[in-house]
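The structure under discussion appears below in the form of structure tokens.
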Amino acid sequence: MKKLVAGVMACALMAGAAFAGGSQDSGAAAAPADSGNDTIVVGYAQVGAESDWRTANTVSFQTTFVPENGYTLIFNDAQQKQENQIRAIRDFIQQEVDYIVLAPVVETGWETVLSEAKAAGIPVILSDREVKVTDESLYVCWVGGNFVKEGEDAVKWLDAYLEEIGRGDELMNVVILQGTIGASAQVGRTEGVTRLMGEKPERYNILAMQTGEFTQSKGQEVMESFLKAYPDIDIVIAENDNMGFGAIDAIKAVGKKPGEDIIIITFDAVRAAFERIIAGEINCAVECNPLHGPRVAEIIQKLEAGEPVEKKQYVDEGVFDIKNAAAELPNRAY
Ligand code: GYE
């Protein structure tokens, strides 16, 4: 780690030189390389702009990594495509950034490009979703939500809710709108939900699961096809809020009442989901916190100071329903 940080410092100097005459900071374009343009250059390979969560995450980085805080941010939106993220990382290496932050769209397929970053001496910080690599030295650390726990929390909430509404003895028909297949947020949430539901086959009957790509429009489309195929759906698990919003529209379109005729659970718990809970259309939203900008900045500051950082950092997350949503809404930052 020390060696890596030393490499980073050398890289920072080089990057400073490179950027003094580059397009990142037009004010410094005519200045000599050592004129004090000593911001830390961070390349962020973002997934895309598929959801409210993602927008909040982007804003979190764009407002944290600003020159006033000592940073220059190079932001790349990969439009949910891994090949775009790989290309962005290669560009960051070319530009000799000081740090690369990656929110990996899917878990696998990162060895080659992360090895290239390592060979260039550029530390990679993972944020939001995880990667599956055999060589853990390919990234410094990861910070994000505990997706398996989120999935489990959803079923624990359901267990209690079904008792409460007197349906604890019924067999409930469930459909799952999954996120992007292979994304750790999808893998973890599906695992948490299906494992706990699988322990209670007398209570939960999973009819179908299909990806809605974490978008509202795809969520709506898939829900429309579920409603056609299965006339008796009791519960929808949407692996993010936006697919849940799409499902609500699909449910209304067939003349059913979301939140009453069909129980809806979503993940993320963005502001609009709180509003839907208060309106009675979403029964429960399991929180996933997107505000990783300051967390990643803290990690970078530690690395700059030569301090160790934890390899995996899970963020605390809550569960919201009609009982606590109205009181919590004014405190929400996203
Ligand atoms: O749930 C979803 C977004 O990776 C946790 O990605 C993130 C997920 C989030 O598109 O809304």
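Ordering of the structure tokens sets the chain letters (A, B, ...); residue numbers start at 1 within each chain; ligands are numbered from 1 in the order shown.
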Neighbouring residues of Pro67 in chain A were defined as those with any atom within 10 Å, considering only C-alpha atoms; residues of the same chain fewer than 2 positions away were excluded. Please report them as a PyMOL selection string.
chain A and resi 25+37-41+63-65+69-73
For range 194-209 of chain A, list every protein, DNA or RNA residue within 9 Å, evaluated using only C-alpha atoms, and leave out those in the same chain fewer than 4 positions away; present the list as an MDAnalysis selection string.
chainID A and resid 151:152 155:156 159 168:178 189:190 226 230 233
Residues as selected, C-alpha atoms, written as an mmCIF file, in the first residue's frame, can you do that?
data_model
loop_
_atom_site.group_PDB
_atom_site.id
_atom_site.type_symbol
_atom_site.label_atom_id
_atom_site.label_comp_id
_atom_site.auth_asym_id
_atom_site.auth_seq_id
_atom_site.Cartn_x
_atom_site.Cartn_y
_atom_site.Cartn_z
ATOM 1 C CA GLY A 151 -32.783 -8.135 0.206
ATOM 2 C CA GLU A 152 -33.120 -9.880 3.548
ATOM 3 C CA VAL A 155 -38.403 -10.117 3.356
ATOM 4 C CA LYS A 156 -38.146 -9.544 7.119
ATOM 5 C CA ASP A 159 -42.934 -11.303 7.202
ATOM 6 C CA GLY A 168 -49.667 -14.516 7.611
ATOM 7 C CA ASP A 169 -51.224 -17.871 6.703
ATOM 8 C CA GLU A 170 -51.762 -17.177 3.018
ATOM 9 C CA LEU A 171 -49.565 -18.324 0.165
ATOM 10 C CA MET A 172 -48.495 -15.102 -1.542
ATOM 11 C CA ASN A 173 -47.648 -14.949 -5.254
ATOM 12 C CA VAL A 174 -44.496 -12.923 -5.815
ATOM 13 C CA VAL A 175 -42.849 -11.408 -8.892
ATOM 14 C CA ILE A 176 -39.400 -9.840 -8.851
ATOM 15 C CA LEU A 177 -38.250 -6.998 -11.109
ATOM 16 C CA GLN A 178 -34.511 -7.472 -11.102
ATOM 17 C CA ARG A 189 -30.743 -8.241 -3.581
ATOM 18 C CA THR A 190 -31.993 -11.265 -5.530
ATOM 19 C CA PHE A 226 -46.143 -10.189 -15.651
ATOM 20 C CA TYR A 230 -50.114 -14.012 -13.920
ATOM 21 C CA ILE A 233 -49.927 -11.381 -8.229
#
Counting only C-alpha atoms and all ligand atoms, figure out which residue out of A:Leu114, A:Val148, A:Val97, A:Ala120 gets nearest to ligand 1.
A:Val148
Would you mind telling me which residue in A:His292, A:Lys256, A:Arg167, A:Lys132 lies nearest to ligand 1 when using only C-alpha atoms and all ligand atoms?
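Checking each of A:His292, A:Lys256, A:Arg167, A:Lys132 against ligand 1, counting only C-alpha atoms and all ligand atoms, the winner is A:His292.
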Nearest candidate to Lys311 in chain A (options A:Gln186, A:Asn324, A:Ser127, A:Gln220; using only C-alpha atoms)
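Nearest to Lys311 in chain A: A:Ser127.
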Let me see if you get this right: every residue at most 8 Å from ligand 1, counting only C-alpha atoms and all ligand atoms, written as JSON, numbers by chain.
{"A": [47, 48, 49, 50, 51, 52, 53, 54, 103, 105, 128, 129, 144, 145, 147, 179, 183, 184, 185, 186, 213, 214, 215, 239, 240, 241, 242, 267, 268, 288, 289, 290]}
Extract, using only C-alpha atoms, all DNA, RNA and protein residues at most 12 Å from Ala279 in chain A, discarding same-chain residues fewer than 2 positions from it, and format them as a ChimeraX atom specification.
/A:248,257-260,272-277,281-284,321-322,325-326
DSSP on the backbone, then: every residue of range 37-96 of chain A marked alpha helix (DSSP H), written as a PyMOL selection string.
chain A and resi 52-64+82-94
As a CSV table (one decimal) with N, CA, C and O atoms, in the first residue's frame, please: all residues of range 70-303 of chain A that backbone DSSP puts in strand (DSSP E or B).
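Final file, part-v1.csv:
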chain,number,residue,atom,x,y,z
A,71,TYR,N,-9.8,19.3,-5.7
A,71,TYR,CA,-9.9,18.2,-6.7
A,71,TYR,C,-10.3,18.7,-8.1
A,71,TYR,O,-11.0,19.7,-8.2
A,72,THR,N,-9.9,17.9,-9.1
A,72,THR,CA,-10.4,18.0,-10.4
A,72,THR,C,-11.1,16.7,-10.7
A,72,THR,O,-10.5,15.7,-10.6
A,73,LEU,N,-12.4,16.8,-11.1
A,73,LEU,CA,-13.1,15.5,-11.4
A,73,LEU,C,-13.2,15.4,-12.9
A,73,LEU,O,-13.6,16.3,-13.6
A,74,ILE,N,-12.9,14.2,-13.4
A,74,ILE,CA,-13.1,13.8,-14.8
A,74,ILE,C,-14.2,12.8,-14.7
A,74,ILE,O,-14.0,11.7,-14.2
A,75,PHE,N,-15.4,13.1,-15.2
A,75,PHE,CA,-16.6,12.3,-15.0
A,75,PHE,C,-16.9,11.6,-16.3
A,75,PHE,O,-17.0,12.2,-17.4
A,76,ASN,N,-17.2,10.3,-16.3
A,76,ASN,CA,-17.6,9.6,-17.5
A,76,ASN,C,-18.9,8.8,-17.2
A,76,ASN,O,-19.0,8.0,-16.2
A,77,ASP,N,-19.9,9.0,-18.0
A,77,ASP,CA,-21.2,8.3,-17.9
A,77,ASP,C,-21.1,7.1,-19.0
A,77,ASP,O,-21.1,7.4,-20.2
A,99,TYR,N,-6.3,9.3,-9.1
A,99,TYR,CA,-7.2,8.2,-8.6
A,99,TYR,C,-8.2,7.8,-9.6
A,99,TYR,O,-8.8,8.7,-10.3
A,100,ILE,N,-8.6,6.6,-9.7
A,100,ILE,CA,-9.7,6.1,-10.5
A,100,ILE,C,-10.8,5.6,-9.6
A,100,ILE,O,-10.5,4.8,-8.7
A,101,VAL,N,-12.0,6.1,-9.7
A,101,VAL,CA,-13.1,5.6,-9.0
A,101,VAL,C,-14.0,4.9,-10.0
A,101,VAL,O,-14.4,5.4,-11.0
A,102,LEU,N,-14.4,3.7,-9.6
A,102,LEU,CA,-15.2,2.9,-10.5
A,102,LEU,C,-16.4,2.4,-9.8
A,102,LEU,O,-16.3,1.8,-8.7
A,124,VAL,N,-7.2,2.3,-7.6
A,124,VAL,CA,-8.6,2.3,-8.0
A,124,VAL,C,-9.5,2.1,-6.8
A,124,VAL,O,-9.2,1.2,-6.0
A,125,ILE,N,-10.4,3.0,-6.6
A,125,ILE,CA,-11.4,2.9,-5.5
A,125,ILE,C,-12.7,2.5,-6.1
A,125,ILE,O,-13.2,3.1,-7.0
A,126,LEU,N,-13.3,1.4,-5.5
A,126,LEU,CA,-14.6,1.0,-6.0
A,126,LEU,C,-15.7,1.6,-5.1
A,126,LEU,O,-15.5,1.7,-3.9
A,127,SER,N,-16.7,2.0,-5.8
A,127,SER,CA,-17.8,2.6,-5.1
A,127,SER,C,-19.1,2.1,-5.6
A,127,SER,O,-19.2,1.8,-6.8
A,141,CYS,N,-9.9,-0.3,-2.2
A,141,CYS,CA,-11.0,-0.6,-1.3
A,141,CYS,C,-12.4,-0.4,-2.0
A,141,CYS,O,-12.4,0.1,-3.1
A,142,TRP,N,-13.4,-0.7,-1.3
A,142,TRP,CA,-14.8,-0.6,-1.8
A,142,TRP,C,-15.7,0.0,-0.8
A,142,TRP,O,-15.6,-0.3,0.4
A,143,VAL,N,-16.5,0.9,-1.2
A,143,VAL,CA,-17.5,1.5,-0.3
A,143,VAL,C,-18.9,1.4,-1.0
A,143,VAL,O,-19.1,1.8,-2.1
A,144,GLY,N,-19.9,0.9,-0.2
A,144,GLY,CA,-21.3,0.8,-0.8
A,144,GLY,C,-22.3,0.2,0.1
A,144,GLY,O,-22.0,0.1,1.3
A,172,MET,N,-48.5,-16.3,-0.8
A,172,MET,CA,-48.5,-15.1,-1.5
A,172,MET,C,-47.7,-15.3,-2.9
A,172,MET,O,-46.6,-15.8,-2.8
A,173,ASN,N,-48.3,-14.9,-3.9
A,173,ASN,CA,-47.6,-14.9,-5.3
A,173,ASN,C,-46.8,-13.7,-5.5
A,173,ASN,O,-47.2,-12.6,-5.4
A,174,VAL,N,-45.5,-14.0,-5.7
A,174,VAL,CA,-44.5,-12.9,-5.8
A,174,VAL,C,-43.9,-12.8,-7.2
A,174,VAL,O,-43.6,-13.9,-7.8
A,175,VAL,N,-43.7,-11.6,-7.7
A,175,VAL,CA,-42.8,-11.4,-8.9
A,175,VAL,C,-41.7,-10.5,-8.5
A,175,VAL,O,-41.9,-9.6,-7.7
A,176,ILE,N,-40.6,-10.7,-9.2
A,176,ILE,CA,-39.4,-9.8,-8.9
A,176,ILE,C,-38.9,-9.1,-10.1
A,176,ILE,O,-38.7,-9.8,-11.1
A,177,LEU,N,-38.8,-7.8,-10.0
A,177,LEU,CA,-38.2,-7.0,-11.1
A,177,LEU,C,-36.8,-6.8,-10.7
A,177,LEU,O,-36.5,-6.1,-9.8
A,178,GLN,N,-35.9,-7.5,-11.5
A,178,GLN,CA,-34.5,-7.5,-11.1
A,178,GLN,C,-33.8,-6.3,-11.7
A,178,GLN,O,-34.2,-5.8,-12.8
A,204,TYR,N,-44.4,-17.9,0.6
A,204,TYR,CA,-44.0,-17.2,-0.6
A,204,TYR,C,-43.9,-18.1,-1.8
A,204,TYR,O,-43.1,-19.1,-1.8
A,205,ASN,N,-44.6,-17.8,-2.9
A,205,ASN,CA,-44.5,-18.5,-4.1
A,205,ASN,C,-43.9,-17.6,-5.2
A,205,ASN,O,-44.7,-16.7,-5.7
A,206,ILE,N,-42.7,-17.7,-5.5
A,206,ILE,CA,-42.1,-16.8,-6.5
A,206,ILE,C,-42.5,-17.3,-7.9
A,206,ILE,O,-42.1,-18.4,-8.4
A,207,LEU,N,-43.3,-16.5,-8.6
A,207,LEU,CA,-43.9,-16.8,-9.9
A,207,LEU,C,-42.9,-16.6,-11.0
A,207,LEU,O,-42.7,-17.4,-11.9
A,208,ALA,N,-42.2,-15.5,-10.9
A,208,ALA,CA,-41.2,-15.1,-12.0
A,208,ALA,C,-40.3,-14.0,-11.5
A,208,ALA,O,-40.6,-13.2,-10.6
A,209,MET,N,-39.1,-14.0,-12.1
A,209,MET,CA,-38.3,-12.8,-12.0
A,209,MET,C,-37.6,-12.5,-13.3
A,209,MET,O,-37.3,-13.4,-14.1
A,210,GLN,N,-37.5,-11.2,-13.6
A,210,GLN,CA,-36.9,-10.8,-14.9
A,210,GLN,C,-36.3,-9.4,-14.7
A,210,GLN,O,-36.8,-8.6,-13.9
A,211,THR,N,-35.3,-9.1,-15.5
A,211,THR,CA,-34.7,-7.8,-15.3
A,211,THR,C,-35.5,-6.7,-15.9
A,211,THR,O,-36.1,-6.8,-17.0
A,235,ILE,N,-47.5,-9.8,-4.6
A,235,ILE,CA,-46.4,-9.0,-4.1
A,235,ILE,C,-45.4,-8.7,-5.3
A,235,ILE,O,-45.1,-9.6,-6.1
A,236,VAL,N,-45.0,-7.4,-5.4
A,236,VAL,CA,-44.0,-7.1,-6.4
A,236,VAL,C,-42.7,-6.6,-5.6
A,236,VAL,O,-42.8,-5.8,-4.8
A,237,ILE,N,-41.6,-7.3,-5.9
A,237,ILE,CA,-40.3,-6.8,-5.4
A,237,ILE,C,-39.6,-6.1,-6.5
A,237,ILE,O,-39.3,-6.8,-7.5
A,238,ALA,N,-39.4,-4.8,-6.4
A,238,ALA,CA,-38.7,-4.1,-7.5
A,238,ALA,C,-37.3,-3.8,-6.9
A,238,ALA,O,-37.2,-3.1,-5.9
A,258,PRO,N,-52.2,-0.2,-6.6
A,258,PRO,CA,-50.9,-0.5,-6.1
A,258,PRO,C,-50.8,-0.2,-4.6
A,258,PRO,O,-51.4,0.8,-4.1
A,262,ILE,N,-52.0,-5.1,-4.7
A,262,ILE,CA,-50.7,-5.7,-4.9
A,262,ILE,C,-49.7,-4.9,-3.9
A,262,ILE,O,-49.6,-3.7,-4.0
A,263,ILE,N,-49.0,-5.7,-3.1
A,263,ILE,CA,-48.0,-5.1,-2.2
A,263,ILE,C,-46.7,-4.8,-3.0
A,263,ILE,O,-46.3,-5.6,-3.7
A,264,ILE,N,-46.2,-3.6,-2.8
A,264,ILE,CA,-45.0,-3.2,-3.5
A,264,ILE,C,-43.9,-2.9,-2.6
A,264,ILE,O,-44.0,-2.0,-1.7
A,265,ILE,N,-42.7,-3.5,-2.8
A,265,ILE,CA,-41.5,-3.2,-2.1
A,265,ILE,C,-40.4,-2.8,-3.1
A,265,ILE,O,-40.3,-3.4,-4.1
A,266,THR,N,-39.7,-1.7,-2.7
A,266,THR,CA,-38.7,-1.3,-3.6
A,266,THR,C,-37.4,-1.1,-2.8
A,266,THR,O,-37.4,-1.1,-1.6
A,267,PHE,N,-36.3,-0.8,-3.5
A,267,PHE,CA,-35.0,-0.6,-2.9
A,267,PHE,C,-34.5,0.8,-3.4
A,267,PHE,O,-34.8,1.2,-4.5
A,268,ASP,N,-33.7,1.4,-2.6
A,268,ASP,CA,-33.1,2.8,-2.7
A,268,ASP,C,-33.7,3.8,-1.7
A,268,ASP,O,-33.0,4.4,-1.0
A,284,CYS,N,-43.2,-0.5,1.2
A,284,CYS,CA,-41.9,-0.5,1.9
A,284,CYS,C,-40.8,-0.1,0.9
A,284,CYS,O,-40.8,-0.6,-0.2
A,285,ALA,N,-39.9,0.7,1.4
A,285,ALA,CA,-38.7,1.0,0.6
A,285,ALA,C,-37.5,0.7,1.5
A,285,ALA,O,-37.4,1.3,2.6
A,286,VAL,N,-36.6,-0.1,1.0
A,286,VAL,CA,-35.4,-0.5,1.7
A,286,VAL,C,-34.3,0.5,1.2
A,286,VAL,O,-34.0,0.6,0.0
A,287,GLU,N,-33.7,1.2,2.2
A,287,GLU,CA,-32.7,2.2,1.8
A,287,GLU,C,-31.4,1.7,1.2
A,287,GLU,O,-30.9,0.7,1.6
Would you pick out the contacts of Thr112 in chain A at 12 Å or less, using only C-alpha atoms, so that residues sharing its chain but fewer than 2 positions from it are not included, and give the list as a ChimeraX atom specification?
/A:86-87,89-90,108-110,114-119,133-135,138
Next, write the just-selected residues to a file, as a compact mmCIF listing (two decimals), in the first residue's frame, keeping all heavy atoms as the atom set.
# COMPACT_ATOMS: atom_id res chain seq x y z
N ILE A 86 -14.73 0.40 -19.42
CA ILE A 86 -13.35 -0.05 -19.66
C ILE A 86 -12.61 1.02 -20.48
O ILE A 86 -11.48 1.39 -20.16
CB ILE A 86 -13.34 -1.43 -20.36
CG1 ILE A 86 -13.84 -2.50 -19.36
CG2 ILE A 86 -11.94 -1.78 -20.88
CD1 ILE A 86 -14.02 -3.88 -19.93
N ARG A 87 -13.29 1.55 -21.47
CA ARG A 87 -12.68 2.60 -22.30
C ARG A 87 -12.38 3.84 -21.45
O ARG A 87 -11.32 4.44 -21.56
CB ARG A 87 -13.61 2.96 -23.46
CG ARG A 87 -12.88 3.61 -24.61
CD ARG A 87 -13.77 3.82 -25.83
NE ARG A 87 -14.51 2.63 -26.21
CZ ARG A 87 -15.84 2.59 -26.39
NH1 ARG A 87 -16.57 3.67 -26.23
NH2 ARG A 87 -16.43 1.47 -26.74
N ILE A 89 -11.76 3.97 -18.25
CA ILE A 89 -10.61 3.70 -17.36
C ILE A 89 -9.31 3.82 -18.14
O ILE A 89 -8.33 4.40 -17.67
CB ILE A 89 -10.75 2.31 -16.70
CG1 ILE A 89 -11.94 2.33 -15.73
CG2 ILE A 89 -9.46 1.92 -15.96
CD1 ILE A 89 -12.31 0.97 -15.19
N ARG A 90 -9.31 3.31 -19.36
CA ARG A 90 -8.09 3.42 -20.19
C ARG A 90 -7.79 4.90 -20.48
O ARG A 90 -6.63 5.31 -20.46
CB ARG A 90 -8.25 2.62 -21.48
CG ARG A 90 -8.29 1.14 -21.17
CD ARG A 90 -7.99 0.24 -22.36
NE ARG A 90 -7.76 -1.11 -21.87
CZ ARG A 90 -8.42 -2.19 -22.27
NH1 ARG A 90 -9.33 -2.11 -23.22
NH2 ARG A 90 -8.15 -3.38 -21.75
N THR A 108 -18.22 -8.96 -13.03
CA THR A 108 -17.10 -9.72 -13.62
C THR A 108 -16.47 -8.98 -14.81
O THR A 108 -17.04 -8.05 -15.36
CB THR A 108 -17.59 -11.09 -14.10
OG1 THR A 108 -18.70 -10.88 -15.00
CG2 THR A 108 -18.05 -11.97 -12.95
N GLY A 109 -15.28 -9.46 -15.18
CA GLY A 109 -14.64 -8.97 -16.40
C GLY A 109 -13.73 -7.76 -16.21
O GLY A 109 -13.47 -7.02 -17.16
N TRP A 110 -13.22 -7.59 -14.99
CA TRP A 110 -12.44 -6.38 -14.71
C TRP A 110 -10.94 -6.61 -14.62
O TRP A 110 -10.17 -5.64 -14.54
CB TRP A 110 -12.94 -5.73 -13.42
CG TRP A 110 -14.34 -5.25 -13.56
CD1 TRP A 110 -15.46 -5.81 -13.04
CD2 TRP A 110 -14.79 -4.10 -14.30
NE1 TRP A 110 -16.58 -5.11 -13.40
CE2 TRP A 110 -16.19 -4.05 -14.17
CE3 TRP A 110 -14.13 -3.12 -15.06
CZ2 TRP A 110 -16.96 -3.06 -14.78
CZ3 TRP A 110 -14.89 -2.13 -15.66
CH2 TRP A 110 -16.28 -2.11 -15.51
N LEU A 114 -8.16 -3.44 -14.77
CA LEU A 114 -7.67 -3.05 -13.43
C LEU A 114 -6.17 -3.35 -13.29
O LEU A 114 -5.45 -2.64 -12.59
CB LEU A 114 -8.48 -3.74 -12.32
CG LEU A 114 -9.94 -3.31 -12.20
CD1 LEU A 114 -10.59 -3.89 -10.95
CD2 LEU A 114 -10.09 -1.78 -12.20
N SER A 115 -5.71 -4.40 -13.98
CA SER A 115 -4.26 -4.69 -13.98
C SER A 115 -3.52 -3.55 -14.68
O SER A 115 -2.41 -3.18 -14.28
CB SER A 115 -3.96 -6.00 -14.70
OG SER A 115 -4.62 -7.05 -14.05
N GLU A 116 -4.13 -3.02 -15.72
CA GLU A 116 -3.49 -1.91 -16.44
C GLU A 116 -3.37 -0.68 -15.52
O GLU A 116 -2.34 0.00 -15.52
CB GLU A 116 -4.30 -1.55 -17.69
CG GLU A 116 -4.21 -2.61 -18.79
CD GLU A 116 -5.26 -2.45 -19.89
OE1 GLU A 116 -5.80 -1.32 -20.06
OE2 GLU A 116 -5.55 -3.44 -20.57
N ALA A 117 -4.42 -0.42 -14.74
CA ALA A 117 -4.37 0.71 -13.81
C ALA A 117 -3.30 0.48 -12.76
O ALA A 117 -2.53 1.37 -12.40
CB ALA A 117 -5.73 0.91 -13.15
N LYS A 118 -3.23 -0.76 -12.28
CA LYS A 118 -2.24 -1.09 -11.25
C LYS A 118 -0.82 -0.91 -11.81
O LYS A 118 0.04 -0.32 -11.15
CB LYS A 118 -2.44 -2.53 -10.79
CG LYS A 118 -1.63 -2.86 -9.55
CD LYS A 118 -1.81 -4.30 -9.11
CE LYS A 118 -0.87 -4.61 -7.96
NZ LYS A 118 -0.85 -6.05 -7.65
N ALA A 119 -0.62 -1.39 -13.04
CA ALA A 119 0.70 -1.26 -13.66
C ALA A 119 1.08 0.21 -13.83
O ALA A 119 2.26 0.57 -13.76
CB ALA A 119 0.71 -1.98 -15.01
N VAL A 133 -12.96 -10.32 -8.43
CA VAL A 133 -11.63 -10.56 -9.00
C VAL A 133 -10.88 -11.47 -8.03
O VAL A 133 -11.12 -11.43 -6.82
CB VAL A 133 -10.83 -9.24 -9.20
CG1 VAL A 133 -11.35 -8.44 -10.37
CG2 VAL A 133 -10.84 -8.36 -7.95
N THR A 134 -10.01 -12.30 -8.58
CA THR A 134 -9.26 -13.19 -7.68
C THR A 134 -8.14 -12.43 -6.98
O THR A 134 -7.81 -12.72 -5.84
CB THR A 134 -8.68 -14.40 -8.46
OG1 THR A 134 -8.14 -13.90 -9.68
CG2 THR A 134 -9.75 -15.43 -8.76
N ASP A 135 -7.57 -11.44 -7.66
CA ASP A 135 -6.48 -10.66 -7.08
C ASP A 135 -7.05 -9.37 -6.47
O ASP A 135 -7.32 -8.40 -7.17
CB ASP A 135 -5.47 -10.33 -8.19
CG ASP A 135 -4.33 -9.47 -7.67
OD1 ASP A 135 -4.29 -9.17 -6.45
OD2 ASP A 135 -3.47 -9.10 -8.50
N LEU A 138 -6.01 -5.56 -6.92
CA LEU A 138 -6.34 -4.76 -8.11
C LEU A 138 -7.15 -3.51 -7.75
O LEU A 138 -7.32 -2.64 -8.58
CB LEU A 138 -7.10 -5.60 -9.13
CG LEU A 138 -6.30 -6.71 -9.81
CD1 LEU A 138 -7.17 -7.50 -10.78
CD2 LEU A 138 -5.10 -6.12 -10.56
